[in-house]
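Visitor: I'd like to ask you about the structure that follows.
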Amino acid sequence: MWSAECGMRIGDPEQACDSHLNSAVEQPAIDPGGSFKRDRDSHFFRSDLWTAYKAALYRRMRRVMEQPQARNRRFATQLRARVALEAATLEFGCDLTSFRCGRAETSVLPNECEESRDAIAQKSDGCGMRFLTFVRNDQILGFPQQKLTGGFRFKENSGLAYVAILLLLIIVLALGFTFLLKASTEASATLSHIEGIQAEYLAEAAANKAVWRLLYDPTIPTYADAVTADTYEMSNLSAGRYGYNFRPHTTTTFATVRAVGVAGDAVVREGWVLNLKYLPFAGILAAYSVNGTNIPKARSFEDPSFGNAADTLNVGSSTHWLQLAGSMNKTEVVMATLDDGSDINVAVYDGATWGNNWEFTTSADRAHLGVDVAYESLSSDAMVAGRHSTGNDPYYSTWNGTSWSARTAISNPYGSGDVRTVVLASNPLSDELILGMLTSGNDLVTFIWSGSAWTNTYYVSASISVTQYHPFDICYEQTSGEALATYGVSSNDWIYANLGGTGTIRTLGNDAQIVRQASDPSSDYIIAAAVDQDNDLSVAVWNGSSWVYAAEIETNMKASTSFTVAVAWESSGDEALIFYGENGVNNLRYRRWTKSTGTPGSEQTGPSTGQNIESIQALTIPEEDRIIVLTGDTNDDCEFNLWEGDAFSADPPLTFTNSLYNTPRQSFDLAATVQY
């Protein structure tokens with residue numbers, strides 16, 4: 001239809017859209033018609049279908065984007081799985097869940113829904129739009145709602161309309177301008193079919209003209225109540241008239257447009273939802289220490305590279321350890337540092353500036369990674385946890401978006417010794433956090449945070465293999481929301497623990513000293529890696545219920561006392577990457593574990609780093625198969641590499657600094673956050 005063609009040419013002058021309309025008004029109508037069947041329990045916007053909705057829509061978008069002619073990775077990141085649902089519901093702030101009519105065997109709602117019809121109309125008019133979404137199995141189908149004599153009719157075109165909407169979304173997003181979705185069409189009864197067609201085209205012309213003005217007209221007036229007002233800016237065109245009003249977008253709401261087309265006795269009113277330049281996307285931040293300064297540096301990811309270095313805040317001394325966490329609900333990153341003076345500081349980055357620098361403690365232990373930070377997934381509150389003074393009680397503080405709470409002890413009834421290594425992990429489905437803590441008495445204890453209080457404590461093991469380095473890790477399965485911990489014990493066994501109990505992954509050649517894990521964003525798969533005292537690297541893969549792979553893949557690691565291995569999944573979940581540093585090799589080594597083969601494949605040689613690699617950090621770009629990899633080498637260089645899904649983008653890599661402080665430690669980190 002004309003609206004799709006002109007809508008995809010959003011940057012054209014408004015006259016171009018008008019010229020398209022002049023020829024389009026003579027075209028025949030496209031009326032999919034048809035009927036739609038749904039089960040009685042397939043209610044509108046059921047909350048328990050939220051996750052299924054996002055997953056199904058995203059899978060379909062990804063399949064289209066993976067076509068060779070559409071592999072534009074830069075804009076693919078904007079294809080958020082939640083876009084359509086936000087556009088259809090969240091923008092309006094309306095509760096449509098109460099409208100749950102029974103079985104619709106034909107295109108007209110049954111009599112039992114007649115009583116709800118007026119309520120639906122009243123509710124949707126209050127929202128300014130009408131949009132209903134049905135869920136059938138794993139298919140998510142959105143249909144414009146049209147008001148006709150005798151009831152409501154839902155258009156369908158055997159799935160073709162859905163595919164067309166996805167293609168339009170992808171094309172428009174690739175242009176980088178706007179997301180546009182027709183949310184409703186209301187037509188008056190008319191005896192002239194031609195006039196009805198012309199009025200509909202005129203309404204779409206009005207909507208497109210409104211979009212053009214929203215994007216390019218600095219003198220555009222504000223219609224604060226556009227979604228309910230019945231006042232339009234009218235223009236004459238051909239044998240009819242068209243008009244529009246709108247509410248501009250903000251950083252938290254979509255723009256809305258109401259359009260009207262009049263031809264003869266026919267009147268068509270349409271509602272449109274738009275996101276103009278503010279579609280949320282994942283921003284990536286890197287932070288790292290620099291020798292000779294008390295101020296860590298930070299860089300923002302400017303696809304496909306990073307921008308210039310910028311100062312964070314003065315943390316009091318050179319940074320020994322550095323941890324980042326990003327919120328996926330707002331533009332915010334929390335940084336924690338443990339410096340040469342054994343002080344822990346936390347600071348907050350709001351996407352533009354650093355602030356809220358607070359000294360958590362002056363009594364930590366710089367020899368161990370005794371601090372971590374994480375965000376609650378729903379509330380966007382953050383937490384810092386770590387060592388304060390001696391004893392086996394860890395301490396924590398929460399960030400509510402404005403201030404840090406007082407440092408508070410977590411009562412620990414198990415084990416002995418002082419706090420050494422801590423790990424914080426976020427449940428993707430709730431505000432639950434899990435804190436894992438290793439003591440100098442070889443004890444591993446975990447604490448569960450409900451979002452408001454510490455509710456459970458578990459004594460996981462009394463025989464952890466070593467009390468320094470990083471002999472354990474914890475992360476959550478991404479669809480079940482269950483946590484999994486893996487750790488090395490003094491018998492050389494590599495053990496796992498979850499709510500179902502414990503078990504042995506495999507027996508290593510020696511005690512595990514470094515353990516790393518990463519969750520598959522699309523399933524309950526988790527990949528784990530362990531480096532033992534013999535400098536051997538083992539890898540294991542968990543499928544949500546059992547270990548489907550566990551083996552030793554390297555016997556010549558650079559060191560077993562530093563983070564010489566990192567693991568990460570591509571967002572599609574098809575494969576996981578294992579990145580590691582091999583002794584005597586000045587290149588990044590990697591292997592690709594794929595679900596289709598169940599093995600990590602052969603060793604591959606990545607970009608040259610100039611010196612042996614001593615530390616690695618990896619971060620998946622959300623909803624992409626690209627992975628950012630940072631390395632620190634024996635020459636104190638910190639360098640950036642970008643995995644593009646099938647190869648690295650550049651060799652040699654981009655150098656962040658030639659003066660990384662304390663390279664064998666984790667003195668640099670990466671975090672993803674939502675930006676608008």
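Each chain in the structure tokens gets a letter, A, B and so on, in the order shown; residues start at 1 in every chain, and ligands are counted from 1 in the order they appear.
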Within 7 Å of range 422-428 of chain A, counting only C-alpha atoms, which residues qualify if same-chain residues fewer than 3 places away don't, as number ranges by chain?
Guide: A: 369-377, 386, 431-438, 473-476, 478, 481
Visitor: Could you please determine the separation between CA of Lys595 in chain A and CA of Glu477 in chain A in Å, to one decimal place?
Guide: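 Rounded to one decimal, the two atoms are 16.2 Å apart.
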Visitor: So that I can check the surroundings of Ile410 in chain A, please list as number ranges by chain every protein, DNA and RNA residue that reaches within 8 Å of it, counting only C-alpha atoms and ignoring chain neighbours fewer than 6 positions away.
Guide: A: 393-396, 454
Visitor: Using all heavy atoms, can you write the selected residues to a file as a PDB file, in the first residue's frame?
Guide:
```
ATOM      1  N   ASP A 393      31.484 -12.145  58.060  1.00  0.00           N
ATOM      2  CA  ASP A 393      30.249 -11.477  57.650  1.00  0.00           C
ATOM      3  C   ASP A 393      30.534 -10.532  56.477  1.00  0.00           C
ATOM      4  O   ASP A 393      31.333  -9.596  56.621  1.00  0.00           O
ATOM      5  CB  ASP A 393      29.653 -10.662  58.795  1.00  0.00           C
ATOM      6  CG  ASP A 393      29.043 -11.519  59.876  1.00  0.00           C
ATOM      7  OD1 ASP A 393      28.834 -12.714  59.629  1.00  0.00           O
ATOM      8  OD2 ASP A 393      28.784 -10.992  60.983  1.00  0.00           O
ATOM      9  N   PRO A 394      29.900 -10.746  55.312  1.00  0.00           N
ATOM     10  CA  PRO A 394      30.020  -9.746  54.243  1.00  0.00           C
ATOM     11  C   PRO A 394      29.135  -8.546  54.559  1.00  0.00           C
ATOM     12  O   PRO A 394      28.242  -8.615  55.405  1.00  0.00           O
ATOM     13  CB  PRO A 394      29.517 -10.495  53.014  1.00  0.00           C
ATOM     14  CG  PRO A 394      28.548 -11.490  53.561  1.00  0.00           C
ATOM     15  CD  PRO A 394      29.060 -11.888  54.925  1.00  0.00           C
ATOM     16  N   TYR A 395      29.389  -7.434  53.868  1.00  0.00           N
ATOM     17  CA  TYR A 395      28.602  -6.210  54.044  1.00  0.00           C
ATOM     18  C   TYR A 395      28.005  -5.813  52.697  1.00  0.00           C
ATOM     19  O   TYR A 395      28.506  -6.198  51.633  1.00  0.00           O
ATOM     20  CB  TYR A 395      29.478  -5.078  54.593  1.00  0.00           C
ATOM     21  CG  TYR A 395      29.758  -5.187  56.070  1.00  0.00           C
ATOM     22  CD1 TYR A 395      30.628  -6.156  56.558  1.00  0.00           C
ATOM     23  CD2 TYR A 395      29.152  -4.326  56.984  1.00  0.00           C
ATOM     24  CE1 TYR A 395      30.893  -6.275  57.919  1.00  0.00           C
ATOM     25  CE2 TYR A 395      29.409  -4.417  58.348  1.00  0.00           C
ATOM     26  CZ  TYR A 395      30.271  -5.388  58.805  1.00  0.00           C
ATOM     27  OH  TYR A 395      30.516  -5.500  60.160  1.00  0.00           O
ATOM     28  N   TYR A 396      26.950  -5.017  52.752  1.00  0.00           N
ATOM     29  CA  TYR A 396      26.300  -4.592  51.519  1.00  0.00           C
ATOM     30  C   TYR A 396      25.717  -3.194  51.688  1.00  0.00           C
ATOM     31  O   TYR A 396      25.525  -2.697  52.810  1.00  0.00           O
ATOM     32  CB  TYR A 396      25.194  -5.568  51.124  1.00  0.00           C
ATOM     33  CG  TYR A 396      23.904  -5.399  51.905  1.00  0.00           C
ATOM     34  CD1 TYR A 396      22.808  -4.728  51.344  1.00  0.00           C
ATOM     35  CD2 TYR A 396      23.776  -5.884  53.214  1.00  0.00           C
ATOM     36  CE1 TYR A 396      21.622  -4.564  52.059  1.00  0.00           C
ATOM     37  CE2 TYR A 396      22.604  -5.726  53.922  1.00  0.00           C
ATOM     38  CZ  TYR A 396      21.526  -5.060  53.348  1.00  0.00           C
ATOM     39  OH  TYR A 396      20.363  -4.895  54.049  1.00  0.00           O
ATOM     40  N   TRP A 454      17.481 -10.129  53.134  1.00  0.00           N
ATOM     41  CA  TRP A 454      18.196 -11.392  52.983  1.00  0.00           C
ATOM     42  C   TRP A 454      17.331 -12.493  53.586  1.00  0.00           C
ATOM     43  O   TRP A 454      17.000 -12.459  54.774  1.00  0.00           O
ATOM     44  CB  TRP A 454      19.564 -11.320  53.655  1.00  0.00           C
ATOM     45  CG  TRP A 454      20.446 -10.285  53.030  1.00  0.00           C
ATOM     46  CD1 TRP A 454      20.687  -9.019  53.474  1.00  0.00           C
ATOM     47  CD2 TRP A 454      21.163 -10.429  51.804  1.00  0.00           C
ATOM     48  NE1 TRP A 454      21.521  -8.355  52.612  1.00  0.00           N
ATOM     49  CE2 TRP A 454      21.841  -9.197  51.573  1.00  0.00           C
ATOM     50  CE3 TRP A 454      21.319 -11.455  50.882  1.00  0.00           C
ATOM     51  CZ2 TRP A 454      22.647  -8.974  50.464  1.00  0.00           C
ATOM     52  CZ3 TRP A 454      22.133 -11.241  49.770  1.00  0.00           C
ATOM     53  CH2 TRP A 454      22.775 -10.018  49.576  1.00  0.00           C
TER      54      TRP A 454
END
```
Visitor: Suppose you want the space between CA of Thr256 in chain A and CA of Glu200 in chain A; what is it in Å?
Guide: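 These atoms are spaced 18.0 Å apart.
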Visitor: Give me, as a ChimeraX atom specification, all polymer residues having an atom no more than 8 Å from range 662-674 of chain A, counting only C-alpha atoms and skipping those fewer than 6 positions away in the same chain.
Guide: /A:280-289,319-333,561-563,614-615,617-619,621-622,632-634,636
Visitor: Mind dumping the selected residues with C-alpha atoms as an mmCIF file, in the first residue's frame?
Guide:
```cif
data_model
loop_
_atom_site.group_PDB
_atom_site.id
_atom_site.type_symbol
_atom_site.label_atom_id
_atom_site.label_comp_id
_atom_site.auth_asym_id
_atom_site.auth_seq_id
_atom_site.Cartn_x
_atom_site.Cartn_y
_atom_site.Cartn_z
ATOM 1 C CA PRO A 280 15.851 1.885 23.709
ATOM 2 C CA PHE A 281 19.086 0.174 22.739
ATOM 3 C CA ALA A 282 21.944 -1.348 24.637
ATOM 4 C CA GLY A 283 24.859 0.969 25.330
ATOM 5 C CA ILE A 284 28.203 -0.565 26.292
ATOM 6 C CA LEU A 285 30.643 1.017 28.739
ATOM 7 C CA ALA A 286 34.221 -0.075 29.417
ATOM 8 C CA ALA A 287 36.209 1.111 32.437
ATOM 9 C CA TYR A 288 39.832 0.369 33.330
ATOM 10 C CA SER A 289 42.657 1.374 35.641
ATOM 11 C CA THR A 319 42.756 0.742 41.212
ATOM 12 C CA HIS A 320 43.612 -2.870 41.979
ATOM 13 C CA TRP A 321 40.202 -4.400 41.098
ATOM 14 C CA LEU A 322 37.329 -2.877 39.109
ATOM 15 C CA GLN A 323 33.738 -4.118 38.717
ATOM 16 C CA LEU A 324 30.890 -2.714 36.558
ATOM 17 C CA ALA A 325 27.151 -3.416 36.441
ATOM 18 C CA GLY A 326 24.590 -1.890 34.084
ATOM 19 C CA SER A 327 20.838 -1.431 34.405
ATOM 20 C CA MET A 328 18.673 -2.772 31.576
ATOM 21 C CA ASN A 329 15.777 -0.505 32.583
ATOM 22 C CA LYS A 330 17.480 2.887 32.559
ATOM 23 C CA THR A 331 20.690 4.556 31.438
ATOM 24 C CA GLU A 332 22.868 3.847 34.433
ATOM 25 C CA VAL A 333 26.064 2.006 35.337
ATOM 26 C CA THR A 561 46.427 -17.233 39.051
ATOM 27 C CA SER A 562 44.790 -14.616 36.820
ATOM 28 C CA PHE A 563 41.710 -14.272 34.617
ATOM 29 C CA GLU A 614 47.135 -12.369 31.359
ATOM 30 C CA SER A 615 43.505 -11.266 31.754
ATOM 31 C CA GLN A 617 36.830 -9.898 29.920
ATOM 32 C CA ALA A 618 34.005 -10.638 27.449
ATOM 33 C CA LEU A 619 30.537 -9.110 27.072
ATOM 34 C CA ILE A 621 26.117 -7.113 22.867
ATOM 35 C CA PRO A 622 22.460 -7.625 23.844
ATOM 36 C CA GLY A 632 45.354 -7.288 29.312
ATOM 37 C CA ASP A 633 48.839 -8.547 28.439
ATOM 38 C CA THR A 634 52.220 -8.829 30.129
ATOM 39 C CA ASP A 636 50.313 -3.792 30.532
#
```
Visitor: Calculated over only C-alpha atoms, which of the candidates A:Arg516, A:Arg506, A:Arg299, A:Lys209 has the smallest distance to Ala259 in chain A?
Guide: A:Lys209
Visitor: Please, which residues of range 326-375 of chain A, numbered as in this document, come out strand (DSSP E) from DSSP, as JSON, numbers by chain?
Guide: {"A": [326, 333, 334, 335, 336, 337, 338, 339, 344, 345, 346, 347, 348, 349, 354, 355, 356, 357, 358, 359, 360, 361, 371, 372, 373, 374, 375]}
Visitor: In Å, rounded to a single decimal, give me how far CA of Asp637 in chain A is from CA of Asn658 in chain A.
Guide: 4.3 Å
Visitor: Find the residues around Ala576 in chain A up to 7 Å (only C-alpha atoms counted), leave out those fewer than 4 positions away in its own chain, and share them as number ranges by chain.
Guide: A: 568-570, 592-594
Visitor: For range 472-517 of chain A versus range 539-556 of chain A, which residues have an atom no more than 10 Å away, and what is each residue's nearest atom pair and distance in Å rounded to one decimal, using only C-alpha atoms, chain-then-number order, as CSV?
Guide:
```
residue,atom,partner,partner_atom,distance
A:Glu477,CA,A:Gly544,CA,7.1
A:Gln478,CA,A:Gly544,CA,9.7
A:Thr479,CA,A:Gly544,CA,9.4
A:Ser480,CA,A:Gly544,CA,8.3
A:Glu482,CA,A:Gly544,CA,8.9
A:Leu484,CA,A:Gly544,CA,9.3
A:Trp494,CA,A:Ala540,CA,10.0
A:Tyr496,CA,A:Trp547,CA,9.9
A:Gly500,CA,A:Ser545,CA,9.3
A:Thr504,CA,A:Trp547,CA,9.8
A:Ile505,CA,A:Ala550,CA,6.9
A:Arg506,CA,A:Ala550,CA,6.8
A:Thr507,CA,A:Ala551,CA,9.6
A:Leu508,CA,A:Glu552,CA,8.2
A:Gly509,CA,A:Glu552,CA,9.4
A:Val515,CA,A:Val539,CA,9.7
A:Arg516,CA,A:Val539,CA,9.6
A:Gln517,CA,A:Ala540,CA,9.5
```
Visitor: List as number ranges by chain the protein and nucleic acid residues near Val629 in chain A, meaning an atom at most 10 Å away when only C-alpha atoms are counted, but skip any in the same chain fewer than 3 places from it.
Guide: A: 566-568, 579, 588, 616-620, 626, 639-643, 648, 653, 669-670
Visitor: Generate a file of the selected residues that holds N, CA and C atoms, formatted as an mmCIF file, in the first residue's frame.
Guide:
```
data_model
loop_
_atom_site.group_PDB
_atom_site.id
_atom_site.type_symbol
_atom_site.label_atom_id
_atom_site.label_comp_id
_atom_site.auth_asym_id
_atom_site.auth_seq_id
_atom_site.Cartn_x
_atom_site.Cartn_y
_atom_site.Cartn_z
ATOM 1 N N ALA A 566 37.802 -16.316 29.534
ATOM 2 C CA ALA A 566 36.475 -15.700 29.625
ATOM 3 C C ALA A 566 35.550 -16.470 28.695
ATOM 4 N N VAL A 567 34.272 -16.540 29.063
ATOM 5 C CA VAL A 567 33.286 -17.248 28.249
ATOM 6 C C VAL A 567 32.095 -16.328 28.008
ATOM 7 N N ALA A 568 31.439 -16.489 26.859
ATOM 8 C CA ALA A 568 30.276 -15.664 26.520
ATOM 9 C C ALA A 568 29.467 -16.375 25.449
ATOM 10 N N PHE A 579 37.318 -17.762 25.240
ATOM 11 C CA PHE A 579 38.493 -16.959 24.919
ATOM 12 C C PHE A 579 39.554 -17.218 25.988
ATOM 13 N N LEU A 588 45.208 -13.916 20.898
ATOM 14 C CA LEU A 588 44.044 -14.411 21.618
ATOM 15 C C LEU A 588 43.632 -15.743 21.013
ATOM 16 N N ILE A 616 41.325 -11.465 30.696
ATOM 17 C CA ILE A 616 40.343 -11.321 29.617
ATOM 18 C C ILE A 616 38.982 -11.031 30.231
ATOM 19 N N GLN A 617 38.233 -10.139 29.594
ATOM 20 C CA GLN A 617 36.830 -9.898 29.920
ATOM 21 C C GLN A 617 36.029 -9.926 28.620
ATOM 22 N N ALA A 618 34.849 -10.546 28.648
ATOM 23 C CA ALA A 618 34.005 -10.638 27.449
ATOM 24 C C ALA A 618 32.581 -10.246 27.796
ATOM 25 N N LEU A 619 31.924 -9.541 26.876
ATOM 26 C CA LEU A 619 30.537 -9.110 27.072
ATOM 27 C C LEU A 619 29.777 -9.239 25.759
ATOM 28 N N THR A 620 28.640 -9.931 25.797
ATOM 29 C CA THR A 620 27.781 -10.050 24.624
ATOM 30 C C THR A 620 27.003 -8.762 24.412
ATOM 31 N N ARG A 626 27.288 -10.566 18.379
ATOM 32 C CA ARG A 626 28.609 -9.952 18.518
ATOM 33 C C ARG A 626 29.019 -9.931 19.989
ATOM 34 N N GLU A 639 43.491 -3.941 25.475
ATOM 35 C CA GLU A 639 43.099 -3.847 24.071
ATOM 36 C C GLU A 639 41.691 -4.379 23.842
ATOM 37 N N PHE A 640 41.038 -3.810 22.830
ATOM 38 C CA PHE A 640 39.651 -4.134 22.479
ATOM 39 C C PHE A 640 39.609 -4.955 21.203
ATOM 40 N N ASN A 641 38.800 -6.034 21.235
ATOM 41 C CA ASN A 641 38.530 -6.854 20.063
ATOM 42 C C ASN A 641 37.021 -7.021 19.927
ATOM 43 N N LEU A 642 36.547 -7.155 18.699
ATOM 44 C CA LEU A 642 35.119 -7.317 18.450
ATOM 45 C C LEU A 642 34.868 -8.586 17.653
ATOM 46 N N TRP A 643 34.169 -9.539 18.299
ATOM 47 C CA TRP A 643 33.749 -10.759 17.604
ATOM 48 C C TRP A 643 32.466 -10.453 16.840
ATOM 49 N N PHE A 648 36.738 -12.087 13.985
ATOM 50 C CA PHE A 648 37.028 -10.820 14.637
ATOM 51 C C PHE A 648 37.101 -9.707 13.600
ATOM 52 N N PRO A 653 44.178 -5.196 17.367
ATOM 53 C CA PRO A 653 43.030 -4.574 18.025
ATOM 54 C C PRO A 653 43.300 -3.129 18.414
ATOM 55 N N ASP A 669 36.704 -3.755 33.175
ATOM 56 C CA ASP A 669 35.437 -4.478 33.084
ATOM 57 C C ASP A 669 34.552 -3.837 32.023
ATOM 58 N N LEU A 670 33.455 -4.541 31.684
ATOM 59 C CA LEU A 670 32.481 -4.096 30.686
ATOM 60 C C LEU A 670 31.084 -4.203 31.277
#
```
